[in-house]
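**Q** File upload_6.pdb below, PDB, C-alpha atoms, pLDDT in the B column:
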```pdb
ATOM      1  CA  MET A 269    -192.452 -10.436  73.279  1.00 56.00           C
ATOM      2  CA  LYS A 270    -191.244 -13.163  75.663  1.00 49.00           C
ATOM      3  CA  SER A 271    -191.590 -16.038  73.205  1.00 48.00           C
ATOM      4  CA  ILE A 272    -189.233 -14.508  70.663  1.00 48.00           C
ATOM      5  CA  GLU A 273    -186.859 -12.996  73.219  1.00 48.00           C
ATOM      6  CA  ASN A 274    -186.401 -16.406  74.835  1.00 45.00           C
ATOM      7  CA  ALA A 275    -185.816 -18.147  71.525  1.00 46.00           C
ATOM      8  CA  ILE A 276    -183.896 -15.695  69.357  1.00 44.00           C
ATOM      9  CA  VAL A 277    -180.976 -16.899  67.253  1.00 38.00           C
ATOM     10  CA  ILE A 278    -177.760 -15.222  68.410  1.00 32.00           C
ATOM     11  CA  ASN A 279    -174.319 -15.787  66.831  1.00 33.00           C
ATOM     12  CA  GLY A 280    -175.488 -18.993  65.193  1.00 33.00           C
ATOM     13  CA  ALA A 281    -176.544 -20.639  68.468  1.00 34.00           C
ATOM     14  CA  LEU A 282    -180.095 -20.980  69.802  1.00 36.00           C
ATOM     15  CA  ALA A 283    -180.614 -19.206  73.103  1.00 32.00           C
ATOM     16  CA  ALA A 284    -182.264 -21.475  75.637  1.00 31.00           C
ATOM     17  CA  GLY A 285    -185.887 -20.569  76.298  1.00 32.00           C
ATOM     18  CA  ALA A 286    -188.940 -22.250  77.769  1.00 29.00           C
ATOM     19  CA  MET A 287    -191.674 -23.255  75.351  1.00 33.00           C
ATOM     20  CA  ASN A 288    -195.307 -22.877  76.350  1.00 36.00           C
ATOM     21  CA  HIS A 289    -196.887 -25.872  74.634  1.00 38.00           C
ATOM     22  CA  GLU A 290    -200.515 -25.628  73.669  1.00 42.00           C
ATOM     23  CA  LEU A 291    -203.087 -28.089  74.892  1.00 40.00           C
ATOM     24  CA  PRO A 292    -205.009 -29.902  72.119  1.00 45.00           C
ATOM     25  CA  GLY A 293    -207.727 -27.602  70.842  1.00 50.00           C
ATOM     26  CA  ALA A 294    -206.430 -24.598  72.775  1.00 54.00           C
ATOM     27  CA  PRO A 295    -206.683 -21.244  71.009  1.00 68.00           C
ATOM     28  CA  MET A 296    -203.533 -19.866  69.443  1.00 84.00           C
ATOM     29  CA  ALA A 297    -201.703 -17.296  71.522  1.00 92.00           C
ATOM     30  CA  GLU A 298    -201.540 -13.744  70.163  1.00 96.00           C
ATOM     31  CA  GLU A 299    -198.498 -11.514  70.475  1.00 97.00           C
ATOM     32  CA  ARG A 300    -197.968  -7.924  69.355  1.00 96.00           C
ATOM     33  CA  LEU A 301    -194.636  -6.756  67.986  1.00 97.00           C
ATOM     34  CA  PRO A 302    -192.991  -3.310  68.221  1.00 96.00           C
ATOM     35  CA  PHE A 303    -192.929  -3.229  64.417  1.00 97.00           C
ATOM     36  CA  THR A 304    -195.092  -4.290  61.504  1.00 98.00           C
ATOM     37  CA  ILE A 305    -194.146  -6.394  58.488  1.00 98.00           C
ATOM     38  CA  ARG A 306    -196.026  -5.896  55.236  1.00 97.00           C
ATOM     39  CA  VAL A 307    -195.659  -6.439  51.505  1.00 97.00           C
ATOM     40  CA  VAL A 308    -194.272  -3.405  49.698  1.00 96.00           C
ATOM     41  CA  ARG A 309    -196.830  -1.724  47.471  1.00 92.00           C
ATOM     42  CA  GLY A 310    -195.907   1.649  45.986  1.00 89.00           C
ATOM     43  CA  GLY A 311    -192.774   3.712  45.556  1.00 92.00           C
ATOM     44  CA  ASP A 312    -192.649   5.210  49.064  1.00 95.00           C
ATOM     45  CA  ALA A 313    -192.608   1.819  50.777  1.00 96.00           C
ATOM     46  CA  LEU A 314    -190.050   0.474  48.314  1.00 97.00           C
ATOM     47  CA  GLN A 315    -187.814   3.468  48.969  1.00 96.00           C
ATOM     48  CA  LYS A 316    -187.963   2.719  52.695  1.00 97.00           C
ATOM     49  CA  ALA A 317    -186.897  -0.860  51.965  1.00 97.00           C
ATOM     50  CA  ILE A 318    -184.047   0.390  49.794  1.00 97.00           C
ATOM     51  CA  THR A 319    -182.920   2.782  52.530  1.00 96.00           C
ATOM     52  CA  ILE A 320    -182.601   0.076  55.205  1.00 96.00           C
ATOM     53  CA  ARG A 321    -181.153  -2.347  52.636  1.00 96.00           C
ATOM     54  CA  GLN A 322    -178.401   0.048  51.618  1.00 95.00           C
ATOM     55  CA  ALA A 323    -177.630   1.020  55.227  1.00 94.00           C
ATOM     56  CA  ALA A 324    -177.308  -2.602  56.370  1.00 92.00           C
ATOM     57  CA  TYR A 325    -175.134  -3.681  53.449  1.00 91.00           C
ATOM     58  CA  GLY A 326    -173.040  -0.557  53.958  1.00 92.00           C
ATOM     59  CA  ARG A 327    -171.911  -1.870  57.353  1.00 91.00           C
ATOM     60  CA  HIS A 328    -170.294  -4.952  55.775  1.00 86.00           C
ATOM     61  CA  VAL A 329    -169.789  -4.420  52.046  1.00 89.00           C
ATOM     62  CA  PRO A 330    -169.811  -0.645  51.419  1.00 90.00           C
ATOM     63  CA  GLU A 331    -168.679  -0.942  47.795  1.00 89.00           C
ATOM     64  CA  PHE A 332    -171.610  -3.209  47.027  1.00 88.00           C
ATOM     65  CA  ALA A 333    -174.003  -1.072  49.080  1.00 90.00           C
ATOM     66  CA  ALA A 334    -173.213   1.881  46.824  1.00 92.00           C
ATOM     67  CA  LYS A 335    -174.973  -0.028  44.014  1.00 91.00           C
ATOM     68  CA  LEU A 336    -178.123  -0.612  46.057  1.00 93.00           C
ATOM     69  CA  GLY A 337    -179.482   2.916  46.162  1.00 94.00           C
ATOM     70  CA  SER A 338    -182.243   2.290  43.629  1.00 94.00           C
ATOM     71  CA  PRO A 339    -184.754  -0.508  42.934  1.00 94.00           C
ATOM     72  CA  GLU A 340    -183.400  -3.700  41.393  1.00 94.00           C
ATOM     73  CA  PRO A 341    -185.155  -5.551  38.545  1.00 91.00           C
ATOM     74  CA  ASN A 342    -185.999  -8.453  40.876  1.00 92.00           C
ATOM     75  CA  ASP A 343    -187.928  -6.063  43.136  1.00 94.00           C
ATOM     76  CA  HIS A 344    -190.609  -5.890  40.426  1.00 92.00           C
ATOM     77  CA  ASP A 345    -190.491  -9.415  38.972  1.00 92.00           C
ATOM     78  CA  ARG A 346    -193.557 -11.617  38.843  1.00 90.00           C
ATOM     79  CA  GLY A 347    -193.266 -14.175  41.589  1.00 91.00           C
ATOM     80  CA  SER A 348    -191.288 -11.789  43.810  1.00 94.00           C
ATOM     81  CA  VAL A 349    -192.306  -9.731  46.825  1.00 96.00           C
ATOM     82  CA  VAL A 350    -190.391  -7.256  48.962  1.00 97.00           C
ATOM     83  CA  LEU A 351    -191.214  -7.232  52.678  1.00 98.00           C
ATOM     84  CA  LEU A 352    -190.782  -4.138  54.814  1.00 98.00           C
ATOM     85  CA  ALA A 353    -190.605  -3.950  58.609  1.00 98.00           C
ATOM     86  CA  GLU A 354    -191.509  -0.569  60.090  1.00 97.00           C
ATOM     87  CA  SER A 355    -191.398   0.688  63.651  1.00 96.00           C
ATOM     88  CA  ARG A 356    -194.881   1.040  65.141  1.00 94.00           C
ATOM     89  CA  MET A 357    -193.610   4.059  67.085  1.00 94.00           C
ATOM     90  CA  ASP A 358    -192.531   6.304  64.210  1.00 95.00           C
ATOM     91  CA  GLY A 359    -192.898   4.340  60.967  1.00 95.00           C
ATOM     92  CA  SER A 360    -189.153   4.205  60.341  1.00 94.00           C
ATOM     93  CA  PRO A 361    -187.829   1.188  58.402  1.00 96.00           C
ATOM     94  CA  VAL A 362    -186.182  -1.464  60.598  1.00 96.00           C
ATOM     95  CA  GLY A 363    -185.874  -4.373  58.177  1.00 97.00           C
ATOM     96  CA  THR A 364    -186.531  -5.770  54.726  1.00 98.00           C
ATOM     97  CA  MET A 365    -186.307  -8.985  52.725  1.00 97.00           C
ATOM     98  CA  ARG A 366    -187.051  -9.945  49.136  1.00 97.00           C
ATOM     99  CA  ILE A 367    -188.666 -13.294  48.363  1.00 97.00           C
ATOM    100  CA  GLN A 368    -188.488 -14.732  44.845  1.00 96.00           C
ATOM    101  CA  THR A 369    -190.237 -17.920  43.748  1.00 96.00           C
ATOM    102  CA  ASN A 370    -189.376 -20.119  40.774  1.00 95.00           C
ATOM    103  CA  ARG A 371    -192.893 -19.961  39.345  1.00 93.00           C
ATOM    104  CA  PHE A 372    -192.003 -17.699  36.432  1.00 93.00           C
ATOM    105  CA  LYS A 373    -188.219 -17.914  36.153  1.00 92.00           C
ATOM    106  CA  ASP A 374    -185.197 -19.464  37.832  1.00 93.00           C
ATOM    107  CA  LEU A 375    -184.172 -18.273  41.260  1.00 95.00           C
ATOM    108  CA  ALA A 376    -181.387 -15.700  41.402  1.00 94.00           C
ATOM    109  CA  ILE A 377    -179.165 -18.303  43.026  1.00 95.00           C
ATOM    110  CA  ALA A 378    -179.267 -20.332  39.792  1.00 93.00           C
ATOM    111  CA  GLN A 379    -176.999 -17.726  38.186  1.00 92.00           C
ATOM    112  CA  SER A 380    -174.170 -19.001  40.383  1.00 95.00           C
ATOM    113  CA  VAL A 381    -174.779 -22.662  41.140  1.00 95.00           C
ATOM    114  CA  GLU A 382    -176.681 -25.633  39.732  1.00 95.00           C
ATOM    115  CA  LEU A 383    -179.016 -26.849  42.424  1.00 95.00           C
ATOM    116  CA  PRO A 384    -179.223 -30.612  43.121  1.00 95.00           C
ATOM    117  CA  ALA A 385    -181.305 -32.632  40.670  1.00 95.00           C
ATOM    118  CA  TRP A 386    -183.842 -33.609  43.339  1.00 95.00           C
ATOM    119  CA  LEU A 387    -184.854 -29.935  43.640  1.00 94.00           C
ATOM    120  CA  LYS A 388    -185.373 -29.412  39.911  1.00 88.00           C
ATOM    121  CA  ASN A 389    -189.126 -30.040  39.875  1.00 91.00           C
ATOM    122  CA  LYS A 390    -189.870 -28.624  43.311  1.00 96.00           C
ATOM    123  CA  SER A 391    -191.560 -25.315  44.047  1.00 97.00           C
ATOM    124  CA  MET A 392    -188.950 -23.088  45.667  1.00 97.00           C
ATOM    125  CA  ALA A 393    -188.568 -19.622  47.117  1.00 97.00           C
ATOM    126  CA  GLU A 394    -185.322 -17.783  47.742  1.00 97.00           C
ATOM    127  CA  ALA A 395    -184.840 -15.030  50.303  1.00 96.00           C
ATOM    128  CA  THR A 396    -182.415 -12.276  49.334  1.00 95.00           C
ATOM    129  CA  ARG A 397    -181.504  -8.742  50.399  1.00 95.00           C
ATOM    130  CA  LEU A 398    -182.175  -9.411  54.071  1.00 95.00           C
ATOM    131  CA  ALA A 399    -181.358  -6.234  55.965  1.00 94.00           C
ATOM    132  CA  VAL A 400    -182.185  -5.228  59.539  1.00 95.00           C
ATOM    133  CA  ALA A 401    -181.455  -2.444  61.988  1.00 91.00           C
ATOM    134  CA  LEU A 402    -178.593  -2.657  64.455  1.00 88.00           C
ATOM    135  CA  GLY A 403    -178.789  -4.123  67.949  1.00 82.00           C
ATOM    136  CA  GLN A 404    -181.243  -6.364  69.797  1.00 78.00           C
ATOM    137  CA  ALA A 405    -184.169  -4.909  67.861  1.00 84.00           C
ATOM    138  CA  GLY A 406    -182.515  -5.994  64.647  1.00 88.00           C
ATOM    139  CA  ARG A 407    -182.141  -9.573  65.876  1.00 89.00           C
ATOM    140  CA  VAL A 408    -185.857  -9.700  66.710  1.00 94.00           C
ATOM    141  CA  VAL A 409    -186.715  -8.281  63.279  1.00 96.00           C
ATOM    142  CA  LYS A 410    -184.458 -10.840  61.598  1.00 94.00           C
ATOM    143  CA  THR A 411    -186.163 -13.762  63.315  1.00 95.00           C
ATOM    144  CA  THR A 412    -189.611 -12.352  62.516  1.00 97.00           C
ATOM    145  CA  MET A 413    -188.592 -11.860  58.886  1.00 97.00           C
ATOM    146  CA  PHE A 414    -187.782 -15.565  58.769  1.00 97.00           C
ATOM    147  CA  LYS A 415    -191.245 -16.315  60.134  1.00 98.00           C
ATOM    148  CA  SER A 416    -192.759 -14.073  57.447  1.00 98.00           C
ATOM    149  CA  PHE A 417    -190.750 -15.930  54.791  1.00 97.00           C
ATOM    150  CA  PHE A 418    -192.018 -19.223  56.213  1.00 97.00           C
ATOM    151  CA  LEU A 419    -195.638 -18.005  56.251  1.00 97.00           C
ATOM    152  CA  TYR A 420    -195.345 -16.758  52.686  1.00 97.00           C
ATOM    153  CA  CYS A 421    -194.082 -20.159  51.553  1.00 97.00           C
ATOM    154  CA  GLN A 422    -196.927 -21.939  53.322  1.00 96.00           C
ATOM    155  CA  GLN A 423    -199.535 -19.686  51.775  1.00 95.00           C
ATOM    156  CA  ALA A 424    -197.980 -19.958  48.313  1.00 95.00           C
ATOM    157  CA  ASN A 425    -197.655 -23.773  48.584  1.00 95.00           C
ATOM    158  CA  ILE A 426    -193.873 -23.584  48.297  1.00 97.00           C
ATOM    159  CA  GLU A 427    -192.113 -26.844  49.116  1.00 97.00           C
ATOM    160  CA  TRP A 428    -188.551 -25.649  49.716  1.00 98.00           C
ATOM    161  CA  MET A 429    -186.998 -22.435  51.027  1.00 98.00           C
ATOM    162  CA  VAL A 430    -183.551 -21.798  49.548  1.00 97.00           C
ATOM    163  CA  ILE A 431    -180.966 -19.290  50.716  1.00 96.00           C
ATOM    164  CA  ALA A 432    -177.361 -18.322  50.120  1.00 95.00           C
ATOM    165  CA  ALA A 433    -175.754 -17.107  53.340  1.00 93.00           C
ATOM    166  CA  ARG A 434    -172.304 -15.904  54.259  1.00 89.00           C
ATOM    167  CA  PRO A 435    -170.804 -16.232  57.744  1.00 88.00           C
ATOM    168  CA  PRO A 436    -172.018 -15.669  60.394  1.00 86.00           C
ATOM    169  CA  LEU A 437    -175.613 -15.654  59.089  1.00 86.00           C
ATOM    170  CA  ASP A 438    -175.140 -19.159  57.661  1.00 91.00           C
ATOM    171  CA  ARG A 439    -174.886 -20.585  61.179  1.00 91.00           C
ATOM    172  CA  GLN A 440    -178.191 -19.012  62.119  1.00 90.00           C
ATOM    173  CA  TYR A 441    -179.959 -20.748  59.228  1.00 94.00           C
ATOM    174  CA  GLU A 442    -178.201 -23.977  60.172  1.00 93.00           C
ATOM    175  CA  ALA A 443    -179.558 -23.587  63.697  1.00 93.00           C
ATOM    176  CA  LEU A 444    -183.026 -23.172  62.174  1.00 95.00           C
ATOM    177  CA  MET A 445    -182.482 -26.670  60.671  1.00 97.00           C
ATOM    178  CA  PHE A 446    -181.718 -25.658  57.106  1.00 97.00           C
ATOM    179  CA  GLU A 447    -179.903 -28.355  55.134  1.00 95.00           C
ATOM    180  CA  ASP A 448    -176.486 -27.679  53.584  1.00 95.00           C
ATOM    181  CA  LEU A 449    -176.829 -28.509  49.876  1.00 96.00           C
ATOM    182  CA  PHE A 450    -173.069 -28.475  49.232  1.00 96.00           C
ATOM    183  CA  PRO A 451    -171.376 -29.466  52.506  1.00 94.00           C
ATOM    184  CA  GLY A 452    -168.090 -27.733  53.073  1.00 91.00           C
ATOM    185  CA  GLN A 453    -168.440 -25.460  50.046  1.00 94.00           C
ATOM    186  CA  PHE A 454    -168.650 -21.679  49.927  1.00 94.00           C
ATOM    187  CA  ILE A 455    -169.772 -20.596  46.463  1.00 95.00           C
ATOM    188  CA  PRO A 456    -169.399 -17.048  45.054  1.00 94.00           C
ATOM    189  CA  MET A 457    -172.823 -15.544  44.392  1.00 93.00           C
ATOM    190  CA  ARG A 458    -173.282 -13.208  41.417  1.00 90.00           C
ATOM    191  CA  HIS A 459    -176.231 -11.504  43.095  1.00 88.00           C
ATOM    192  CA  GLY A 460    -174.194 -11.247  46.307  1.00 84.00           C
ATOM    193  CA  ASN A 461    -171.236  -9.264  44.970  1.00 84.00           C
ATOM    194  CA  ASN A 462    -169.420 -12.566  44.215  1.00 89.00           C
ATOM    195  CA  ILE A 463    -168.857 -13.115  47.933  1.00 91.00           C
ATOM    196  CA  PRO A 464    -168.616 -16.844  48.829  1.00 94.00           C
ATOM    197  CA  HIS A 465    -171.832 -18.127  50.412  1.00 95.00           C
ATOM    198  CA  ARG A 466    -173.138 -21.428  51.705  1.00 96.00           C
ATOM    199  CA  VAL A 467    -176.240 -22.708  49.929  1.00 97.00           C
ATOM    200  CA  LEU A 468    -178.905 -24.119  52.232  1.00 97.00           C
ATOM    201  CA  ALA A 469    -182.474 -25.364  51.865  1.00 97.00           C
ATOM    202  CA  PHE A 470    -185.431 -25.981  54.178  1.00 98.00           C
ATOM    203  CA  ASP A 471    -188.362 -28.368  53.752  1.00 98.00           C
ATOM    204  CA  VAL A 472    -191.419 -26.219  54.510  1.00 97.00           C
ATOM    205  CA  ARG A 473    -193.980 -28.988  54.847  1.00 96.00           C
ATOM    206  CA  SER A 474    -192.101 -31.027  57.448  1.00 96.00           C
ATOM    207  CA  ALA A 475    -191.061 -28.026  59.527  1.00 97.00           C
ATOM    208  CA  GLU A 476    -193.379 -28.415  62.520  1.00 96.00           C
ATOM    209  CA  GLY A 477    -192.613 -32.109  62.945  1.00 96.00           C
ATOM    210  CA  ARG A 478    -188.856 -31.562  62.803  1.00 97.00           C
ATOM    211  CA  TRP A 479    -188.933 -28.544  65.143  1.00 97.00           C
ATOM    212  CA  ASN A 480    -191.159 -30.433  67.561  1.00 96.00           C
ATOM    213  CA  GLU A 481    -188.928 -33.507  67.542  1.00 97.00           C
ATOM    214  CA  ALA A 482    -185.860 -31.347  68.148  1.00 97.00           C
ATOM    215  CA  GLY A 483    -187.507 -29.378  70.978  1.00 97.00           C
ATOM    216  CA  HIS A 484    -186.701 -26.258  69.007  1.00 97.00           C
ATOM    217  CA  PRO A 485    -186.960 -23.017  71.029  1.00 96.00           C
ATOM    218  CA  LEU A 486    -188.653 -21.234  68.116  1.00 96.00           C
ATOM    219  CA  LEU A 487    -191.460 -23.798  67.757  1.00 96.00           C
ATOM    220  CA  ASP A 488    -194.004 -21.791  69.742  1.00 96.00           C
ATOM    221  CA  PHE A 489    -193.070 -18.518  68.074  1.00 97.00           C
ATOM    222  CA  MET A 490    -193.296 -20.036  64.616  1.00 96.00           C
ATOM    223  CA  CYS A 491    -196.250 -22.373  64.975  1.00 95.00           C
ATOM    224  CA  HIS A 492    -198.289 -21.604  68.067  1.00 95.00           C
ATOM    225  CA  THR A 493    -198.425 -17.811  68.117  1.00 97.00           C
ATOM    226  CA  TYR A 494    -200.433 -15.464  65.928  1.00 97.00           C
ATOM    227  CA  HIS A 495    -198.756 -12.129  65.168  1.00 97.00           C
ATOM    228  CA  PRO A 496    -201.275  -9.641  63.763  1.00 97.00           C
ATOM    229  CA  ASP A 497    -198.406  -7.278  62.948  1.00 98.00           C
ATOM    230  CA  ILE A 498    -197.286  -9.636  60.168  1.00 98.00           C
ATOM    231  CA  ASP A 499    -199.572  -8.789  57.249  1.00 97.00           C
ATOM    232  CA  LEU A 500    -198.959 -10.621  53.980  1.00 96.00           C
ATOM    233  CA  SER A 501    -202.431  -9.965  52.589  1.00 92.00           C
ATOM    234  CA  ASP A 502    -201.060  -7.884  49.699  1.00 90.00           C
ATOM    235  CA  ALA A 503    -198.908 -10.752  48.418  1.00 88.00           C
ATOM    236  CA  ASP A 504    -200.052 -12.479  45.241  1.00 79.00           C
ATOM    237  CA  PHE A 505    -200.832 -16.076  46.121  1.00 70.00           C
ATOM    238  CA  SER A 506    -202.906 -16.578  42.966  1.00 55.00           C
ATOM    239  CA  ALA A 507    -206.061 -18.395  44.113  1.00 37.00           C
ATOM    240  CA  GLY A 508    -205.242 -17.612  47.737  1.00 37.00           C
ATOM    241  CA  ALA A 509    -204.377 -13.970  47.201  1.00 36.00           C
ATOM    242  CA  SER A 510    -207.311 -12.565  49.152  1.00 34.00           C
ATOM    243  CA  ARG A 511    -207.018 -14.984  52.056  1.00 37.00           C
ATOM    244  CA  ARG A 512    -205.623 -13.567  55.314  1.00 38.00           C
ATOM    245  CA  VAL A 513    -202.449 -15.318  56.447  1.00 40.00           C
ATOM    246  CA  HIS A 514    -202.632 -17.004  59.850  1.00 43.00           C
ATOM    247  CA  LEU A 515    -199.749 -18.735  61.570  1.00 41.00           C
ATOM    248  CA  LYS A 516    -200.077 -22.450  61.011  1.00 49.00           C
ATOM    249  CA  CYS A 517    -197.274 -24.931  60.471  1.00 52.00           C
ATOM    250  CA  ALA A 518    -199.255 -27.506  58.534  1.00 43.00           C
ATOM    251  CA  PRO A 519    -200.369 -26.349  55.049  1.00 39.00           C
ATOM    252  CA  GLU A 520    -204.094 -25.881  54.624  1.00 38.00           C
TER
END
```
Would you mind writing the file's structure down as structure tokens?
**A**
Amino acid sequence: MKSIENAIVINGALAAGAMNHELPGAPMAEERLPFTIRVVRGGDALQKAITIRQAAYGRHVPEFAAKLGSPEPNDHDRGSVVLLAESRMDGSPVGTMRIQTNRFKDLAIAQSVELPAWLKNKSMAEATRLAVALGQAGRVVKTTMFKSFFLYCQQANIEWMVIAARPPLDRQYEALMFEDLFPGQFIPMRHGNNIPHRVLAFDVRSAEGRWNEAGHPLLDFMCHTYHPDIDLSDADFSAGASRRVHLKCAPE
């Protein structure tokens, strides 16, 4: 767990950590996690995701959390997946995230803001309903959820990741080199209880080059380490649906 513990995003700033750069042709490092991340399939797994989702939102927006006790329509939409992180010790839910692509309909964020024209014809995916357990474990889960989102986008040939984030989470995405689409603006989000959010985007295909150039502490974790506990094999990638996901920054 050293690679993620040395590079975790805390309070919007990147903790300093040494990066173990691979030699050309060297095998990818493998690291086990204290939890698994998988695509939700079936009512029991979805209920676990809903449980951690409602608990996490309840800590910050309890009125909104009261509405999150049952599945939402977007949980079942084509082009959407719900990810669930579960403790390897006892199977309890420790995190969740929903990913929606624009393959079949507009992203949820489009209900609240018109995205820039240059994104109109791009393939996009939006992460919503991010929820994690409390404490240090939750911060590790959050960072690994971002990696899972990134891997999903690579496998699905998504060009841009899009998120709406409220403080302080917005600073963490900024530290991950997301681009502010509306600098200085906080826009109320209909799917976020009308709370003002920043809208940010991330170019998936140039990620490794930009992280490498910046000496980013998460480069090794994201691009040079294989985590067998991240299993996206049940996600629908169309032609690539049956292909096992491996960590790789450059699209295949």
**Q** Have a look at atom CA of Ser501 of chain A and atom CA of Gly477 of chain A and let me know their distance in Å, one decimal.
**A**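 Between these atoms lies a distance of 26.3 Å.
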**Q** Give me the residues within 10 Å of segment 347-362 of chain A as a PyMOL selection string, counting all atoms listed in the file and dropping any in the same chain fewer than 5 places off.
**A** chain A and resi 301-309+313-321+324+342+367-373+375+393-402+405-406+409-410+412-413+416-417+420+497-500+502-505
**Q** Considering only C-alpha atoms, can you say which of A:Thr493, A:Gln453, A:Ser391, A:Gln423 comes closest to Asp471 of chain A?
**A**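 Of A:Thr493, A:Gln453, A:Ser391, A:Gln423, the one nearest Asp471 of chain A is A:Ser391, counting only C-alpha atoms.
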**Q** Specify as JSON, numbers by chain each residue included when the PyMOL selection byres ((chain A and resi 441) around 10) is applied to this file.
**A** {"A": [277, 280, 281, 414, 431, 432, 433, 436, 437, 438, 439, 440, 442, 443, 444, 445, 446, 447, 448, 468, 469, 470]}
**Q** Work out how far apart atom CA of Ala424 of chain A and atom CA of His459 of chain A are and give it in Å to one decimal.
**A**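 Atom-to-atom, atom CA of Ala424 of chain A to atom CA of His459 of chain A, that is 23.9 Å.
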**Q** Choose the residue, out of A:Arg366, A:Lys415, A:His495, A:Arg434, that has the smallest atom-to-atom separation from Met457 of chain A; count only C-alpha atoms.
**A** A:Arg434
**Q** Atom CA of Ile463 of chain A and atom CA of Ser338 of chain A, how far apart in Å?
**A**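 It comes out at 20.9 Å.
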**Q** Of the residues A:Asp345, A:Asp312, A:Glu481, A:Asp374, which is the one nearest to Met392 of chain A, using all atoms listed in the file?
**A**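 The answer is A:Asp374, which sits nearest to Met392 of chain A.
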**Q** Please determine, counting only C-alpha atoms, which residue among A:Gly311, A:Leu487, A:Val430, A:Met296 has the shortest atom-to-atom distance to Ala378 of chain A.
**A**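 Answer, going by the shortest atom-to-atom distance: A:Val430.
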**Q** Running the PyMOL selection byres ((chain A and resi 472) around 7) on this model by hand, what would come out? Give it as a ChimeraX atom specification.
**A** /A:427-429,470-471,473-475
**Q** Would you please work out which residue, of A:Leu336, A:Val408, A:Cys421, A:Ala297, is nearest to Cys491 of chain A when using all atoms listed in the file?
**A** A:Ala297
**Q** Just need the box for segment 319-337 of chain A, edges along x, y and z, holding every atom the file lists for it with 5 Å tacked onto each side, so centre and edge lengths in Å to one decimal, as JSON.
**A**
```
{"center_x": -175.8, "center_y": -1.0, "center_z": 50.7, "size_x": 24.2, "size_y": 17.9, "size_z": 23.3}
```
**Q** Would you please work out which residue, of A:Arg407, A:Lys390, A:His328, A:His465, is nearest to Ile426 of chain A when using all atoms listed in the file?
**A**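 Among the listed residues, the smallest separation from Ile426 of chain A belongs to A:Lys390.
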